[in-house]
Amino acid sequence: MAEVVDVAASQGVSLDSNLEGALDRYANGPNDTTVSTIRDICNGEVSEVLELSGAVTRIGKASGVPTPTHDFLQAVRASYVV
């Protein structure tokens, strides 16, 4: 999430930078709550999560903003066949 906030800022977009609050909401939400991307993956459907992560990586690289977490996701993606 911090990488997304940093990449957005590099493009002049201000996101809520209260990451602790956001993470707390996720951590303390109902246990049966999932995001659509994980539901898609669990159901064997196509998920947009890797494309979203790829956008963070591409924009970060073009803007000089480090995105090590998203870079890792893309490296794993490149090594895995769907």
# chains A, B, ... in the order shown; residues from 1 in each chain; ligands from 1

$ residues_around --residues "Arg77 in chain A" --least-positions-apart "5" --cutoff "10 Å" --atoms "only C-alpha atoms" --output "list in words"
Leu50, Gly54, Asp71, Phe72 and Val82 of chain A

$ residues_around --residues "Pro68 in chain A" --least-positions-apart "5" --cutoff "10 Å" --atoms "only C-alpha atoms" --output "JSON, numbers by chain"
{"A": [3, 57, 60, 73, 74]}

$ residues_around --residues "Val65 in chain A" --least-positions-apart "6" --cutoff "10 Å" --atoms "only C-alpha atoms" --output "count of residues only"
11

$ atom_distance --atom1 "CA of Asn18 in chain A" --atom2 "CA of Ile41 in chain A"
27.8 Å

$ closest_residue --among "A:Asn28, A:Ser79, A:Leu23, A:Val35" --to "Ser47 in chain A" --atoms "only C-alpha atoms"
A:Val35
